[in-house]
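Visitor: File entry28.tsv follows (TSV, C-alpha atoms):
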chain	number	residue	atom	x	y	z
A	1	MET	CA	46.37	87.16	104.60
A	2	PHE	CA	45.57	90.20	106.74
A	3	VAL	CA	46.54	88.47	109.97
A	4	GLU	CA	50.07	88.09	108.59
A	5	LEU	CA	50.20	91.78	107.61
A	6	MET	CA	49.05	93.16	110.99
A	7	PRO	CA	52.56	93.49	112.56
A	8	LEU	CA	53.69	95.55	109.58
A	9	LEU	CA	50.46	97.56	109.51
A	10	LYS	CA	51.19	98.69	113.08
A	11	GLU	CA	54.26	100.55	111.81
A	12	ARG	CA	53.29	101.75	108.33
A	13	THR	CA	50.63	101.93	105.69
A	14	LEU	CA	50.62	99.26	102.98
A	15	LEU	CA	49.31	99.67	99.48
A	16	ILE	CA	47.92	96.40	98.10
A	17	THR	CA	47.10	96.01	94.43
A	18	VAL	CA	45.49	93.00	92.78
A	19	ALA	CA	45.39	92.57	89.00
A	20	ARG	CA	44.62	89.83	86.52
A	21	VAL	CA	47.50	89.10	84.14
A	22	ASP	CA	46.44	86.61	81.44
A	23	GLU	CA	45.04	83.66	83.41
A	24	LYS	CA	46.97	84.46	86.60
A	25	VAL	CA	46.55	86.88	89.47
A	26	LYS	CA	49.22	89.39	90.47
A	27	VAL	CA	49.30	90.79	94.03
A	28	ASN	CA	51.61	93.65	95.02
A	29	VAL	CA	52.24	94.67	98.63
A	30	ILE	CA	53.96	98.05	98.78
A	31	PRO	CA	55.03	99.54	102.14
A	32	THR	CA	54.95	103.33	102.32
A	33	LYS	CA	57.57	105.59	103.89
A	34	VAL	CA	56.94	106.49	107.50
A	35	LYS	CA	59.28	109.49	107.49
A	36	GLU	CA	61.49	111.34	105.03
A	37	GLY	CA	65.04	110.01	104.77
A	38	GLU	CA	64.01	106.48	105.73
A	39	ASP	CA	66.09	103.67	104.24
A	40	GLN	CA	64.74	102.52	100.87
A	41	ALA	CA	65.04	98.87	101.91
A	42	LEU	CA	62.07	99.38	104.22
A	43	THR	CA	59.85	100.31	101.27
A	44	THR	CA	60.76	97.38	99.01
A	45	PRO	CA	57.57	96.08	97.38
A	46	LEU	CA	56.60	92.42	97.28
A	47	SER	CA	54.93	90.91	94.20
A	48	PHE	CA	53.25	87.53	93.77
A	49	THR	CA	51.96	86.09	90.54
A	50	GLY	CA	50.15	82.77	90.34
A	51	SER	CA	46.84	81.08	89.96
A	52	ALA	CA	44.09	81.93	92.43
A	53	GLU	CA	44.54	78.52	94.06
A	54	GLU	CA	48.32	78.98	94.42
A	55	LEU	CA	47.87	82.40	95.98
A	56	ASP	CA	45.22	81.07	98.37
A	57	SER	CA	47.57	78.36	99.61
A	58	GLU	CA	50.96	80.18	99.53
A	59	LEU	CA	50.34	83.89	99.96
A	60	GLY	CA	49.78	83.78	103.73
A	61	ARG	CA	53.08	82.02	104.45
A	62	SER	CA	55.00	84.22	102.04
A	63	LEU	CA	53.54	87.37	103.58
A	64	ALA	CA	54.41	86.16	107.10
A	65	SER	CA	58.00	85.58	106.00
A	66	TYR	CA	58.13	88.99	104.29
A	67	VAL	CA	56.77	90.77	107.36
A	68	ASP	CA	59.25	89.00	109.67
A	69	GLY	CA	62.16	89.94	107.41
A	70	HIS	CA	60.90	93.51	107.11
A	71	LEU	CA	60.57	93.92	110.88
A	72	ALA	CA	64.01	92.38	111.47
A	73	LEU	CA	65.55	94.75	108.92
A	74	GLY	CA	63.85	97.71	110.58
A	75	CYS	CA	65.25	96.67	113.98
A	76	THR	CA	68.74	96.15	112.57
A	77	LEU	CA	68.73	99.56	110.91
A	78	ALA	CA	67.44	101.19	114.10
A	79	GLU	CA	70.17	99.51	116.17
A	80	ALA	CA	72.88	100.54	113.71
A	81	LYS	CA	71.61	104.13	113.73
A	82	ALA	CA	71.53	104.16	117.53
A	83	GLU	CA	75.12	102.86	117.69
A	84	MET	CA	76.32	105.45	115.19
A	85	ASP	CA	74.55	108.23	117.10
A	86	ALA	CA	76.10	107.06	120.38
A	87	ALA	CA	79.58	106.94	118.81
A	88	ALA	CA	79.15	110.43	117.35
A	89	LYS	CA	77.97	111.75	120.73
A	90	ALA	CA	80.97	110.16	122.48
A	91	ALA	CA	83.35	111.69	119.94
A	92	ARG	CA	81.81	115.15	120.39
A	93	GLN	CA	82.03	114.77	124.16
A	94	LYS	CA	85.71	113.78	123.95
A	95	VAL	CA	86.48	116.84	121.82
A	96	LYS	CA	84.69	119.09	124.32
A	97	GLU	CA	86.62	117.58	127.24
A	98	THR	CA	89.91	117.99	125.38
A	99	GLN	CA	89.09	121.63	124.69
A	100	ARG	CA	88.16	122.24	128.34
A	101	THR	CA	91.37	120.59	129.52
A	102	SER	CA	93.53	122.66	127.21
A	103	LYS	CA	91.77	125.89	128.28
A	104	ALA	CA	92.02	124.99	131.95
A	105	ASP	CA	95.76	124.26	131.90
A	106	PRO	CA	97.59	126.43	129.34
A	107	ALA	CA	100.96	124.91	130.33
A	108	ILE	CA	99.80	121.55	129.01
A	109	ALA	CA	98.61	123.15	125.80
A	110	LYS	CA	101.96	124.91	125.32
A	111	LYS	CA	103.85	121.74	126.14
A	112	ASP	CA	101.85	119.88	123.48
A	113	GLU	CA	102.50	122.63	120.96
A	114	SER	CA	106.27	122.79	121.57
A	115	PRO	CA	108.24	122.25	118.39
A	116	GLY	CA	110.23	119.09	117.88
A	117	PRO	CA	113.99	118.90	118.37
A	118	THR	CA	115.90	121.51	116.43
A	119	ALA	CA	118.95	120.11	114.74
A	120	PRO	CA	121.17	121.70	112.16
A	121	ALA	CA	120.19	120.94	108.61
A	122	ALA	CA	123.52	119.24	107.97
A	123	GLU	CA	122.78	116.60	110.59
A	124	MET	CA	119.30	116.03	109.26
A	125	THR	CA	120.25	115.62	105.61
A	126	PRO	CA	122.84	112.98	104.76
A	127	SER	CA	125.58	114.13	102.44
A	128	LEU	CA	127.61	112.23	99.89
A	129	PHE	CA	130.74	113.61	101.51
A	130	ALA	CA	130.88	113.12	105.24
A	131	ALA	CA	132.72	115.62	107.43
A	132	GLN	CA	135.45	113.02	108.12
A	133	GLN	CA	136.29	112.61	104.49
A	134	ASN	CA	136.76	116.37	104.07
A	135	THR	CA	139.25	116.51	106.94
A	136	ASP	CA	141.13	113.45	105.69
A	137	LEU	CA	141.60	114.81	102.18
A	138	PRO	CA	144.25	117.44	103.07
A	139	ALA	CA	146.24	114.85	105.05
A	140	GLN	CA	146.10	112.42	102.14
A	141	ALA	CA	147.13	115.14	99.71
A	142	ALA	CA	150.06	116.12	101.92
A	143	GLY	CA	151.13	112.48	102.11
A	144	GLU	CA	151.04	112.15	98.35
A	145	GLU	CA	153.08	115.36	97.92
A	146	GLY	CA	155.64	114.06	100.38
A	147	ARG	CA	156.00	110.87	98.35
A	148	ARG	CA	156.39	112.81	95.10
A	149	ASN	CA	159.12	114.99	96.59
A	150	ALA	CA	160.92	112.00	98.11
A	151	THR	CA	161.41	110.29	94.78
A	152	PRO	CA	164.36	111.68	92.75
Show me this structure written as structure tokens.
Guide:
Amino acid sequence: MFVELMPLLKERTLLITVARVDEKVKVNVIPTKVKEGEDQALTTPLSFTGSAEELDSELGRSLASYVDGHLALGCTLAEAKAEMDAAAKAARQKVKETQRTSKADPAIAKKDESPGPTAPAAEMTPSLFAAQQNTDLPAQAAGEEGRRNATP
């Protein structure tokens, strides 16, 4: 049993409790936190309940599997944290370079800050009555007046 726990014991302290529950034995293996802010998954306890014979024959294999899974999870979390830290560092570096570039060449900064095209509001907002229709209305009205006057 302890041979299987040795890889995990290299990284953290384990609390092991053994209790008799009715005619069975209950064994708890509880990993402790190594540092504050550590992921809770790394401190998930493991409990076994069974007869003394069952625990003698199965506990070693189950502990080996638990330790392997625990170590793999620790590595995965460490890799994910390292990747996130590297991405954050790269983002901070990019911001610093952008700030240096804009300070070094003010013309580029002003060019980037130049306002967009300025167009009259009438061109930007469509109207129900287009400018053509307004100019055509007097001609149409004059044509209608001419027809009214031409009829006796």
Visitor: Which residue is closest to Lys35 of chain A? Choose from A:Ser47, A:Thr13, A:Thr101, A:Ser57 and count all atoms listed in the file.
Guide: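 Closest to Lys35 of chain A, using all atoms listed in the file: A:Thr13.
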Visitor: Looking at only C-alpha atoms, which of A:Gln93, A:Val21, A:Leu71, A:Met1 is the one that sits closest to Glu58 of chain A?
Guide: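 Closest to Glu58 of chain A, using only C-alpha atoms: A:Met1.
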Visitor: Using only C-alpha atoms for the distances, tell me which of A:Leu9, A:Ala87, A:Val18, A:Val3 is nearest to Arg61 of chain A.
Guide: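 Closest candidate: A:Val3.
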Visitor: When distances are computed from all atoms listed in the file, which of A:Gly37, A:Arg20, A:Arg92, A:Asn28 shows the smallest separation from Leu59 of chain A?
Guide: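 With all atoms listed in the file as the atom set, the closest residue is A:Asn28.
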Visitor: For Lys26 of chain A, please output as a ChimeraX atom specification all residues within 6 Å (counting only C-alpha atoms; exclusion window: fewer than 3 positions along the same chain).
Guide: /A:18-19,48-49
Visitor: Given the choices A:Cys75, A:Ala91, A:Gln40, A:Leu46, which gets closest to Ser62 of chain A if the distance is worked out from all atoms listed in the file?
Guide: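 Under the stated criterion, the closest residue is A:Leu46.
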Visitor: Here is a test: counting only C-alpha atoms, which residue of A:Leu55, A:Val34, A:Val27, A:Leu63 is nearest to Met6 of chain A?
Guide: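 With only C-alpha atoms as the atom set, the closest residue is A:Leu63.
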Visitor: Which distance in Å separates atom CA of Ala41 of chain A and atom CA of Ala90 of chain A, to one decimal?
Guide: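 Atom CA of Ala41 of chain A sits 28.4 Å away from atom CA of Ala90 of chain A.
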Visitor: So what do you get for atom CA of Gly74 of chain A versus atom CA of Leu5 of chain A, distance-wise?
Guide: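 Spanning atom CA of Gly74 of chain A to atom CA of Leu5 of chain A is a straight-line distance of 15.2 Å.
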Visitor: What does the structure give for the distance between atom CA of Leu77 of chain A and atom CA of Asp39 of chain A, in Å to one decimal?
Guide: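 Between atom CA of Leu77 of chain A and atom CA of Asp39 of chain A the gap is 8.3 Å.
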Visitor: Excluding Ala64 of chain A and residues on its chain fewer than 4 positions from it, collect all residues at most 8 Å away from it, counting all atoms listed in the file, and give them as a PyMOL selection string.
Guide: chain A and resi 4-5+60+68
Visitor: Since the input is missing atoms for segment 61-83 of chain A, could you rebuild it with N, CA and C atoms and give the result as a PDB file, keeping the file's coordinate frame?
Guide:
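Listing of result_24.pdb after writing:
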ATOM      1  N   ARG A  61      51.743  82.360 103.959  1.00  0.00           N
ATOM      2  CA  ARG A  61      53.080  82.020 104.450  1.00  0.00           C
ATOM      3  C   ARG A  61      54.135  82.972 103.910  1.00  0.00           C
ATOM      4  N   SER A  62      54.023  83.308 102.639  1.00  0.00           N
ATOM      5  CA  SER A  62      55.000  84.220 102.040  1.00  0.00           C
ATOM      6  C   SER A  62      54.906  85.613 102.671  1.00  0.00           C
ATOM      7  N   LEU A  63      53.697  86.065 102.944  1.00  0.00           N
ATOM      8  CA  LEU A  63      53.540  87.370 103.580  1.00  0.00           C
ATOM      9  C   LEU A  63      54.093  87.364 105.004  1.00  0.00           C
ATOM     10  N   ALA A  64      53.875  86.271 105.729  1.00  0.00           N
ATOM     11  CA  ALA A  64      54.410  86.160 107.100  1.00  0.00           C
ATOM     12  C   ALA A  64      55.929  86.239 107.075  1.00  0.00           C
ATOM     13  N   SER A  65      56.551  85.548 106.136  1.00  0.00           N
ATOM     14  CA  SER A  65      58.000  85.580 106.000  1.00  0.00           C
ATOM     15  C   SER A  65      58.487  86.985 105.635  1.00  0.00           C
ATOM     16  N   TYR A  66      57.786  87.638 104.708  1.00  0.00           N
ATOM     17  CA  TYR A  66      58.130  88.990 104.290  1.00  0.00           C
ATOM     18  C   TYR A  66      58.038  89.967 105.459  1.00  0.00           C
ATOM     19  N   VAL A  67      56.968  89.876 106.227  1.00  0.00           N
ATOM     20  CA  VAL A  67      56.770  90.770 107.360  1.00  0.00           C
ATOM     21  C   VAL A  67      57.860  90.553 108.414  1.00  0.00           C
ATOM     22  N   ASP A  68      58.187  89.296 108.701  1.00  0.00           N
ATOM     23  CA  ASP A  68      59.250  89.000 109.670  1.00  0.00           C
ATOM     24  C   ASP A  68      60.577  89.602 109.220  1.00  0.00           C
ATOM     25  N   GLY A  69      60.912  89.390 107.949  1.00  0.00           N
ATOM     26  CA  GLY A  69      62.160  89.940 107.410  1.00  0.00           C
ATOM     27  C   GLY A  69      62.156  91.461 107.443  1.00  0.00           C
ATOM     28  N   HIS A  70      61.022  92.052 107.117  1.00  0.00           N
ATOM     29  CA  HIS A  70      60.900  93.510 107.110  1.00  0.00           C
ATOM     30  C   HIS A  70      61.080  94.075 108.515  1.00  0.00           C
ATOM     31  N   LEU A  71      60.443  93.456 109.499  1.00  0.00           N
ATOM     32  CA  LEU A  71      60.570  93.920 110.880  1.00  0.00           C
ATOM     33  C   LEU A  71      61.996  93.741 111.404  1.00  0.00           C
ATOM     34  N   ALA A  72      62.625  92.619 111.053  1.00  0.00           N
ATOM     35  CA  ALA A  72      64.010  92.380 111.470  1.00  0.00           C
ATOM     36  C   ALA A  72      64.942  93.424 110.861  1.00  0.00           C
ATOM     37  N   LEU A  73      64.727  93.736 109.585  1.00  0.00           N
ATOM     38  CA  LEU A  73      65.550  94.750 108.920  1.00  0.00           C
ATOM     39  C   LEU A  73      65.348  96.103 109.581  1.00  0.00           C
ATOM     40  N   GLY A  74      64.120  96.442 109.906  1.00  0.00           N
ATOM     41  CA  GLY A  74      63.850  97.710 110.580  1.00  0.00           C
ATOM     42  C   GLY A  74      64.560  97.795 111.919  1.00  0.00           C
ATOM     43  N   CYS A  75      64.560  96.685 112.680  1.00  0.00           N
ATOM     44  CA  CYS A  75      65.250  96.670 113.980  1.00  0.00           C
ATOM     45  C   CYS A  75      66.752  96.793 113.800  1.00  0.00           C
ATOM     46  N   THR A  76      67.292  96.088 112.820  1.00  0.00           N
ATOM     47  CA  THR A  76      68.740  96.150 112.570  1.00  0.00           C
ATOM     48  C   THR A  76      69.156  97.564 112.176  1.00  0.00           C
ATOM     49  N   LEU A  77      68.395  98.191 111.308  1.00  0.00           N
ATOM     50  CA  LEU A  77      68.730  99.560 110.910  1.00  0.00           C
ATOM     51  C   LEU A  77      68.611 100.519 112.083  1.00  0.00           C
ATOM     52  N   ALA A  78      67.601 100.328 112.924  1.00  0.00           N
ATOM     53  CA  ALA A  78      67.440 101.190 114.100  1.00  0.00           C
ATOM     54  C   ALA A  78      68.600 101.011 115.072  1.00  0.00           C
ATOM     55  N   GLU A  79      69.035  99.767 115.277  1.00  0.00           N
ATOM     56  CA  GLU A  79      70.170  99.510 116.170  1.00  0.00           C
ATOM     57  C   GLU A  79      71.447 100.125 115.621  1.00  0.00           C
ATOM     58  N   ALA A  80      71.671  99.966 114.318  1.00  0.00           N
ATOM     59  CA  ALA A  80      72.880 100.540 113.710  1.00  0.00           C
ATOM     60  C   ALA A  80      72.864 102.059 113.835  1.00  0.00           C
ATOM     61  N   LYS A  81      71.717 102.679 113.607  1.00  0.00           N
ATOM     62  CA  LYS A  81      71.610 104.130 113.730  1.00  0.00           C
ATOM     63  C   LYS A  81      71.867 104.566 115.165  1.00  0.00           C
ATOM     64  N   ALA A  82      71.317 103.830 116.123  1.00  0.00           N
ATOM     65  CA  ALA A  82      71.530 104.160 117.530  1.00  0.00           C
ATOM     66  C   ALA A  82      73.007 104.058 117.905  1.00  0.00           C
ATOM     67  N   GLU A  83      73.690 103.020 117.418  1.00  0.00           N
ATOM     68  CA  GLU A  83      75.120 102.860 117.690  1.00  0.00           C
ATOM     69  C   GLU A  83      75.937 103.987 117.075  1.00  0.00           C
TER      70      GLU A  83
END
